[in-house]
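Engineer: The following block contains the structure, expressed as structure tokens.
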Amino acid sequence: MDRKFPFLSGGGEMGEIMRAHDWASTPFGPLESWPQSLRSALSICLNSAFPVAIYWGEELRLLYNDAWSVIPGPRHPSALGKPAKEVWSDIWHIIEPQLGQVLDGEGFATFDQLLPMQRYGFAEETFWNYSFTPIRGEDGSVVGVFNSGSETTNKVQEERRLSLLFQLVDRLGQEMSAEGIVEGAAEVLSEPMPGVSVALAHQKDGGYEILGPGEPALPRRLALQRARTMDEKLLETLRAGRTVVYDERHLDALGERGTAKMREKNIAALLAAPILQNREFVAAFFVTAREPRIWSDADIRLVAEIAERVWNAIELANARTRLRESDARFEMAVNASAIVGTWNWDLVNDLIFTDERFAELYSVEPAAAREGLSLDNFLGSLHPDDSGWVKERIEQAIERRGEFSAEYRLQQKDGTVRWVLAEGRCETNDTGRPVRFPGVSVDLTDRKNAEEKQALLVRELHHRVKNNLATVQSIIRYALRTSSTIDELQESVSARIAALSRTHDLLARGEWTTVSVETIFRTETEAYDDGLRVRLSGPDIELDADRAAALSTAVHELTTNALKHGALSSDKGNVEVDWHVHPD
């Protein structure tokens, strides 16, 4: 602790500087003469971990702590004890009225305040949260100002960057041409960088085609220009994937020849962001200004991000143009085939554009599908058992730049399941980057149902053949026991097999599902019934194939006995058949 001047204790580096300073030669006077109000405020200031400064006296001379010392940049430590007007000459027009309000006895606070500082010899756009609080002397009058605050430049610039990128996406989404896309980017950039000019140079026919204005001014109408070559030093930097920064701090970025060209064109500042695909340089996005300026880190990052989005938008616009040109032919092919849906997947922006039939098949709103939706919106309708392997098959097709083909199930909104065959192909640009994935879907539901039905019938047929062979064996064994001659044996076997055949006919008509009890009785007795001799009554009961065959055999035996020895053996006999179901 400083026993002589305890209010300077714990002040860190600034406390030591203040103790060593010749205060007697300044309007503050020697430390021994400082009033208690200043000592108390300074003790709080020096021991605070937050940036704090004190503006004291009529000239608002500056005292501050370690945390605040980085704010004025190179002006520290010479700013210590100097008048605020001298230290902050670049922003005095902003803070003077604020300080004046505090000197009148009112506190002041502001958030994200723009302060265009020139701390390092060039203009900087900085933002701050800070407050001014009056310090009152022993007589109650305002003798100084207590200042605390922090810089918010990074936060403000990040919020602005995100806002601009959202604006850019909305703006570029409305453009269908490369020229319109570059113009849209220029309009968005005109807000944070008024007066700049924008252009895009991309490789074409062994040279570079430039989309942009002839002069460095904000374009409203863009002209196409052709440049066979680009400055070698500029091109070398771009090919290395680095942004070219040319301004008052980077006058040698373009070399002597490139700098001379900039002067000839009256360009005082330039940013050139490279656009790479598969690590190969394909285009550059230029931002130029006539007025001298310093590009901030935020400016450089923003331009690089805009460059990437502009190029993606141009590729998407080109793909849409190609797609529109082939739509008519493709639609004719679709209408003439079994295809029920088509899609075109923009891989760069993960947007799938589909026709109405495809959207309905995948339970997606047709209007939204026409505007483009992400892949996840369509995968949601996949059957849970198919979802995993279908996604893997899609990823493999993109990774291998190859074909995609898969049969899978879709769950419909009404709860039904439909089968589809989807076939597509991953397409790449000139550099091998996947950019498009068009394809078609065919509804296989009817075919799948038919195949399933056919498989069921085959299984049933195998089962019936096996059972029928066993039944025929039983018929023969029974006939051998009950027949006394070959003729009786032949008649007995033939009649029983004929009865079994009639049952099979009934089952076949019902697609091997069921047959009713009444149908079995009526089929066996109809040859002996004139409409009056056989009366049938009972509930409607359906029997499966095995039970129907067994009952048919029994009814055949009963009918044969009635014909030989019973009611049907005479013209006047009648047969009544009644059946019912026991509760147990």
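Each chain in the structure tokens gets a letter, A, B and so on, in the order shown; residues start at 1 in every chain, and ligands are counted from 1 in the order they appear.
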Name the residues in contact with Leu42 (chain A) at a cut-off of 8 Å, using only C-alpha atoms, excluding same-chain residues fewer than 6 positions from it; report them as a ChimeraX atom specification.
Structural biologist: /A:7-8,54,63
Engineer: Atoms to include: all heavy atoms. Write the selected residues as a PDB file, in the first residue's frame.
Structural biologist:
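Output (out_21.pdb):
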ATOM      1  N   PHE A   7      -4.822   6.452  -2.107  1.00  0.00           N
ATOM      2  CA  PHE A   7      -5.821   6.384  -3.190  1.00  0.00           C
ATOM      3  C   PHE A   7      -5.211   5.883  -4.500  1.00  0.00           C
ATOM      4  O   PHE A   7      -5.921   5.585  -5.450  1.00  0.00           O
ATOM      5  CB  PHE A   7      -6.496   7.749  -3.394  1.00  0.00           C
ATOM      6  CG  PHE A   7      -5.550   8.867  -3.771  1.00  0.00           C
ATOM      7  CD1 PHE A   7      -5.250   9.147  -5.087  1.00  0.00           C
ATOM      8  CD2 PHE A   7      -4.956   9.645  -2.773  1.00  0.00           C
ATOM      9  CE1 PHE A   7      -4.398  10.177  -5.414  1.00  0.00           C
ATOM     10  CE2 PHE A   7      -4.093  10.681  -3.111  1.00  0.00           C
ATOM     11  CZ  PHE A   7      -3.802  10.949  -4.431  1.00  0.00           C
ATOM     12  N   LEU A   8      -3.863   5.776  -4.555  1.00  0.00           N
ATOM     13  CA  LEU A   8      -3.192   5.216  -5.726  1.00  0.00           C
ATOM     14  C   LEU A   8      -2.816   3.748  -5.533  1.00  0.00           C
ATOM     15  O   LEU A   8      -2.249   3.118  -6.435  1.00  0.00           O
ATOM     16  CB  LEU A   8      -1.931   6.008  -6.073  1.00  0.00           C
ATOM     17  CG  LEU A   8      -2.128   7.471  -6.460  1.00  0.00           C
ATOM     18  CD1 LEU A   8      -0.785   8.132  -6.729  1.00  0.00           C
ATOM     19  CD2 LEU A   8      -3.021   7.594  -7.683  1.00  0.00           C
ATOM     20  N   ILE A  54     -11.730   8.936 -15.717  1.00  0.00           N
ATOM     21  CA  ILE A  54     -12.255  10.125 -15.034  1.00  0.00           C
ATOM     22  C   ILE A  54     -11.870  11.350 -15.858  1.00  0.00           C
ATOM     23  O   ILE A  54     -10.706  11.500 -16.258  1.00  0.00           O
ATOM     24  CB  ILE A  54     -11.684  10.250 -13.611  1.00  0.00           C
ATOM     25  CG1 ILE A  54     -12.180   9.088 -12.731  1.00  0.00           C
ATOM     26  CG2 ILE A  54     -12.060  11.585 -12.985  1.00  0.00           C
ATOM     27  CD1 ILE A  54     -11.515   9.027 -11.383  1.00  0.00           C
ATOM     28  N   LEU A  63      -7.937  10.871 -16.577  1.00  0.00           N
ATOM     29  CA  LEU A  63      -7.274   9.881 -15.722  1.00  0.00           C
ATOM     30  C   LEU A  63      -7.969   8.545 -15.981  1.00  0.00           C
ATOM     31  O   LEU A  63      -9.180   8.500 -16.176  1.00  0.00           O
ATOM     32  CB  LEU A  63      -7.414  10.258 -14.239  1.00  0.00           C
ATOM     33  CG  LEU A  63      -6.907  11.642 -13.824  1.00  0.00           C
ATOM     34  CD1 LEU A  63      -7.319  11.943 -12.384  1.00  0.00           C
ATOM     35  CD2 LEU A  63      -5.399  11.713 -13.954  1.00  0.00           C
TER      36      LEU A  63
END
Engineer: Could you list, with a cut-off of 10 Å and counting only C-alpha atoms, the residues of region 285-390 of chain A near region 168-178 of chain A, each shown with its nearest atom pair and the distance in Å rounded to one decimal, rows sorted by chain and ascending number, as JSON lines?
Structural biologist:
{"residue": "A:Ile306", "atom": "CA", "partner": "A:Leu168", "partner_atom": "CA", "distance": 7.8}
{"residue": "A:Arg309", "atom": "CA", "partner": "A:Val169", "partner_atom": "CA", "distance": 7.8}
{"residue": "A:Val310", "atom": "CA", "partner": "A:Leu172", "partner_atom": "CA", "distance": 7.7}
{"residue": "A:Trp311", "atom": "CA", "partner": "A:Ala178", "partner_atom": "CA", "distance": 8.8}
{"residue": "A:Asn312", "atom": "CA", "partner": "A:Leu172", "partner_atom": "CA", "distance": 9.9}
{"residue": "A:Ala313", "atom": "CA", "partner": "A:Leu172", "partner_atom": "CA", "distance": 6.6}
{"residue": "A:Ile314", "atom": "CA", "partner": "A:Ala178", "partner_atom": "CA", "distance": 5.2}
{"residue": "A:Glu315", "atom": "CA", "partner": "A:Ala178", "partner_atom": "CA", "distance": 8.5}
{"residue": "A:Leu316", "atom": "CA", "partner": "A:Met176", "partner_atom": "CA", "distance": 8.7}
{"residue": "A:Ala317", "atom": "CA", "partner": "A:Met176", "partner_atom": "CA", "distance": 5.3}
{"residue": "A:Asn318", "atom": "CA", "partner": "A:Ser177", "partner_atom": "CA", "distance": 7.5}
{"residue": "A:Arg320", "atom": "CA", "partner": "A:Met176", "partner_atom": "CA", "distance": 8.0}
{"residue": "A:Thr321", "atom": "CA", "partner": "A:Met176", "partner_atom": "CA", "distance": 7.9}
Engineer: In Å to one decimal, how far is CA of Arg290 (chain A) from CA of Ser190 (chain A)?
Structural biologist: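 Calculated distance between CA of Ser190 (chain A) and CA of Arg290 (chain A) is 13.7 Å.
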Engineer: Separation of CA of Phe28 (chain A) and CA of Asp139 (chain A), in Å?
Structural biologist: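 Here the two named atoms are 18.2 Å from each other.
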Engineer: If you count only C-alpha atoms, which residues fall within 12 Å of region 121-128 of chain A, apart from same-chain ones fewer than 3 positions away, as a short mmCIF file (atom, residue, chain, number, x, y, z; two decimals) with N, CA, C and O atoms, in the first residue's frame?
Structural biologist:
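The result, written out as result-v1.cif:
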data_model
loop_
_atom_site.label_atom_id
_atom_site.label_comp_id
_atom_site.auth_asym_id
_atom_site.auth_seq_id
_atom_site.Cartn_x
_atom_site.Cartn_y
_atom_site.Cartn_z
N PRO A 51 -13.10 -1.26 -17.65
CA PRO A 51 -12.52 -0.02 -18.17
C PRO A 51 -13.21 1.21 -17.58
O PRO A 51 -14.41 1.41 -17.76
N ILE A 71 -8.04 1.49 -24.83
CA ILE A 71 -9.07 2.12 -25.66
C ILE A 71 -8.51 3.20 -26.57
O ILE A 71 -8.83 3.23 -27.76
N PRO A 72 -7.66 4.12 -26.09
CA PRO A 72 -7.15 5.17 -26.99
C PRO A 72 -6.04 4.69 -27.91
O PRO A 72 -5.52 5.48 -28.72
N GLY A 73 -5.62 3.44 -27.81
CA GLY A 73 -4.58 2.94 -28.68
C GLY A 73 -3.25 3.62 -28.44
O GLY A 73 -2.83 3.81 -27.28
N PRO A 74 -2.55 4.05 -29.51
CA PRO A 74 -1.22 4.68 -29.36
C PRO A 74 -1.24 6.00 -28.59
O PRO A 74 -0.19 6.51 -28.23
N ARG A 75 -2.41 6.55 -28.33
CA ARG A 75 -2.49 7.80 -27.58
C ARG A 75 -2.12 7.60 -26.11
O ARG A 75 -1.87 8.57 -25.39
N ASP A 90 -11.07 13.43 -32.76
CA ASP A 90 -11.79 12.80 -33.87
C ASP A 90 -13.25 12.53 -33.55
O ASP A 90 -14.09 12.46 -34.47
N ILE A 91 -13.60 12.36 -32.28
CA ILE A 91 -15.00 12.08 -31.93
C ILE A 91 -15.58 13.15 -31.00
O ILE A 91 -16.64 12.95 -30.41
N ILE A 95 -19.06 13.30 -28.45
CA ILE A 95 -19.10 13.17 -26.98
C ILE A 95 -19.19 14.51 -26.26
O ILE A 95 -19.55 14.54 -25.07
N ALA A 109 -26.10 7.61 -20.58
CA ALA A 109 -25.67 6.27 -20.99
C ALA A 109 -26.09 6.03 -22.43
O ALA A 109 -27.14 6.53 -22.87
N THR A 110 -25.30 5.27 -23.17
CA THR A 110 -25.62 4.94 -24.55
C THR A 110 -25.13 3.53 -24.86
O THR A 110 -24.20 3.04 -24.20
N PHE A 111 -25.76 2.92 -25.85
CA PHE A 111 -25.43 1.53 -26.18
C PHE A 111 -25.20 1.42 -27.69
O PHE A 111 -25.93 1.98 -28.50
N ASP A 112 -24.14 0.70 -28.03
CA ASP A 112 -23.74 0.51 -29.43
C ASP A 112 -23.61 1.85 -30.16
O ASP A 112 -24.05 2.02 -31.30
N GLN A 113 -23.00 2.81 -29.46
CA GLN A 113 -22.78 4.13 -30.02
C GLN A 113 -21.65 4.08 -31.05
O GLN A 113 -20.56 3.56 -30.78
N LEU A 114 -21.91 4.60 -32.25
CA LEU A 114 -20.88 4.66 -33.28
C LEU A 114 -19.92 5.80 -32.98
O LEU A 114 -20.31 6.95 -32.84
N LEU A 115 -18.62 5.44 -32.88
CA LEU A 115 -17.57 6.45 -32.68
C LEU A 115 -16.51 6.21 -33.77
O LEU A 115 -15.71 5.28 -33.68
N PRO A 116 -16.48 7.05 -34.82
CA PRO A 116 -15.51 6.87 -35.91
C PRO A 116 -14.12 7.37 -35.51
O PRO A 116 -13.73 8.48 -35.83
N MET A 117 -13.36 6.52 -34.84
CA MET A 117 -12.06 6.91 -34.30
C MET A 117 -10.95 6.81 -35.36
O MET A 117 -11.08 6.11 -36.36
N GLN A 118 -9.86 7.55 -35.09
CA GLN A 118 -8.65 7.48 -35.91
C GLN A 118 -7.45 7.23 -35.00
O GLN A 118 -6.48 7.97 -34.99
N SER A 131 -21.14 4.91 -20.17
CA SER A 131 -21.94 5.83 -19.36
C SER A 131 -21.06 6.95 -18.83
O SER A 131 -19.86 6.77 -18.61
N SER A 148 -17.39 4.80 -17.57
CA SER A 148 -17.12 3.36 -17.68
C SER A 148 -17.77 2.87 -18.96
O SER A 148 -18.80 3.40 -19.39
N GLY A 149 -17.14 1.89 -19.58
CA GLY A 149 -17.72 1.40 -20.83
C GLY A 149 -16.91 0.27 -21.41
O GLY A 149 -15.87 -0.13 -20.88
N SER A 150 -17.40 -0.26 -22.53
CA SER A 150 -16.72 -1.36 -23.21
C SER A 150 -17.05 -1.31 -24.69
O SER A 150 -18.11 -0.84 -25.10
N GLU A 151 -16.13 -1.84 -25.50
CA GLU A 151 -16.31 -1.82 -26.94
C GLU A 151 -17.23 -2.95 -27.40
O GLU A 151 -17.11 -4.09 -26.94
N THR A 152 -18.14 -2.64 -28.30
CA THR A 152 -19.08 -3.63 -28.84
C THR A 152 -18.95 -3.76 -30.35
O THR A 152 -19.86 -4.25 -31.02
N THR A 153 -17.82 -3.32 -30.88
CA THR A 153 -17.64 -3.31 -32.33
C THR A 153 -17.85 -4.69 -32.94
O THR A 153 -18.57 -4.85 -33.95
N ASN A 154 -17.23 -5.71 -32.37
CA ASN A 154 -17.35 -7.06 -32.92
C ASN A 154 -18.80 -7.54 -32.92
O ASN A 154 -19.27 -8.14 -33.90
N LYS A 155 -19.51 -7.26 -31.84
CA LYS A 155 -20.92 -7.69 -31.75
C LYS A 155 -21.77 -7.00 -32.80
O LYS A 155 -22.55 -7.63 -33.52
N VAL A 156 -21.61 -5.66 -32.90
CA VAL A 156 -22.41 -4.90 -33.87
C VAL A 156 -22.10 -5.34 -35.29
O VAL A 156 -23.00 -5.53 -36.12
N GLN A 157 -20.82 -5.52 -35.60
CA GLN A 157 -20.44 -5.92 -36.94
C GLN A 157 -20.94 -7.33 -37.27
O GLN A 157 -21.33 -7.60 -38.40
N GLU A 158 -20.94 -8.22 -36.28
CA GLU A 158 -21.43 -9.57 -36.51
C GLU A 158 -22.94 -9.56 -36.77
O GLU A 158 -23.43 -10.25 -37.68
N PRO A 192 -23.52 -1.00 -46.12
CA PRO A 192 -22.37 -0.84 -45.22
C PRO A 192 -21.17 -0.18 -45.90
O PRO A 192 -20.28 0.32 -45.21
N MET A 193 -21.13 -0.17 -47.21
CA MET A 193 -19.98 0.39 -47.94
C MET A 193 -20.47 1.33 -49.04
O MET A 193 -20.40 1.01 -50.23
N ASP A 247 -5.33 -1.03 -49.82
CA ASP A 247 -5.83 0.21 -49.25
C ASP A 247 -4.64 1.02 -48.75
O ASP A 247 -3.48 0.74 -49.12
N GLU A 248 -4.88 2.01 -47.91
CA GLU A 248 -3.81 2.90 -47.46
C GLU A 248 -2.77 2.17 -46.61
O GLU A 248 -1.64 2.64 -46.48
N ARG A 249 -3.15 1.02 -46.05
CA ARG A 249 -2.21 0.24 -45.25
C ARG A 249 -1.53 -0.84 -46.06
O ARG A 249 -0.55 -1.43 -45.61
N PRO A 292 -10.25 7.01 -50.60
CA PRO A 292 -9.34 6.22 -49.74
C PRO A 292 -10.10 5.66 -48.53
O PRO A 292 -10.94 6.34 -47.95
N ARG A 293 -9.78 4.43 -48.16
CA ARG A 293 -10.40 3.81 -46.99
C ARG A 293 -9.52 2.67 -46.52
O ARG A 293 -8.63 2.19 -47.24
N ILE A 294 -9.76 2.25 -45.31
CA ILE A 294 -9.08 1.09 -44.72
C ILE A 294 -10.10 -0.02 -44.60
O ILE A 294 -11.16 0.16 -44.01
N TRP A 295 -9.78 -1.18 -45.17
CA TRP A 295 -10.68 -2.32 -45.04
C TRP A 295 -10.49 -2.97 -43.68
O TRP A 295 -9.39 -3.35 -43.31
N SER A 296 -11.57 -3.10 -42.93
CA SER A 296 -11.50 -3.76 -41.62
C SER A 296 -11.55 -5.27 -41.80
O SER A 296 -11.88 -5.79 -42.88
N ASP A 297 -11.21 -5.98 -40.73
CA ASP A 297 -11.32 -7.45 -40.77
C ASP A 297 -12.75 -7.88 -41.07
O ASP A 297 -12.98 -8.88 -41.76
N ALA A 298 -13.71 -7.10 -40.51
CA ALA A 298 -15.13 -7.41 -40.76
C ALA A 298 -15.47 -7.23 -42.23
O ALA A 298 -16.22 -8.02 -42.81
N ASP A 299 -14.93 -6.18 -42.87
CA ASP A 299 -15.16 -5.95 -44.30
C ASP A 299 -14.63 -7.12 -45.13
O ASP A 299 -15.30 -7.62 -46.03
#
Engineer: Pick from A:Leu551, A:Leu164, A:Val102, A:Ala289: nearest to Gly195 (chain A), with only C-alpha atoms counted?
Structural biologist: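 The shortest atom-to-atom distance to Gly195 (chain A) comes from A:Ala289.
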Engineer: To one decimal in Å, tell me the separation between CA of Ala406 (chain A) and CA of Leu421 (chain A).
Structural biologist: 5.8 Å
Engineer: Give me every alpha helix (DSSP H) residue in region 251-447 of chain A, going by DSSP on the backbone, as a count of residues only.
Structural biologist: 86
Engineer: With only C-alpha atoms as the atoms that count, which of A:Lys448, A:Arg161, A:Glu138, A:Gly207 lies nearest to Leu302 (chain A)?
Structural biologist: A:Arg161
Engineer: Which residue out of A:Phe281, A:Phe437, A:Trp389, A:Trp345 has the minimum interatomic distance to Gln203 (chain A) when only C-alpha atoms are used?
Structural biologist: A:Phe281
Engineer: Can you tell me which residues surround Glu576 (chain A) at a distance of at most 7 Å, considering only C-alpha atoms, apart from same-chain residues fewer than 4 positions away, and format the answer as an MDAnalysis selection string?
Structural biologist: chainID A and resid 534:536
Engineer: Would you mind telling me which residue in A:Glu96, A:Glu542, A:Asp205, A:Glu557 lies nearest to Leu60 (chain A) when using only C-alpha atoms?
Structural biologist: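 Among A:Glu96, A:Glu542, A:Asp205, A:Glu557, it is A:Glu96 that comes nearest to Leu60 (chain A).
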Engineer: Mind listing the strand (DSSP E) residues of region 316-425 of chain A, per DSSP on the backbone, as a PyMOL selection string?
Structural biologist: chain A and resi 339-346+351-354+403-411+417-425
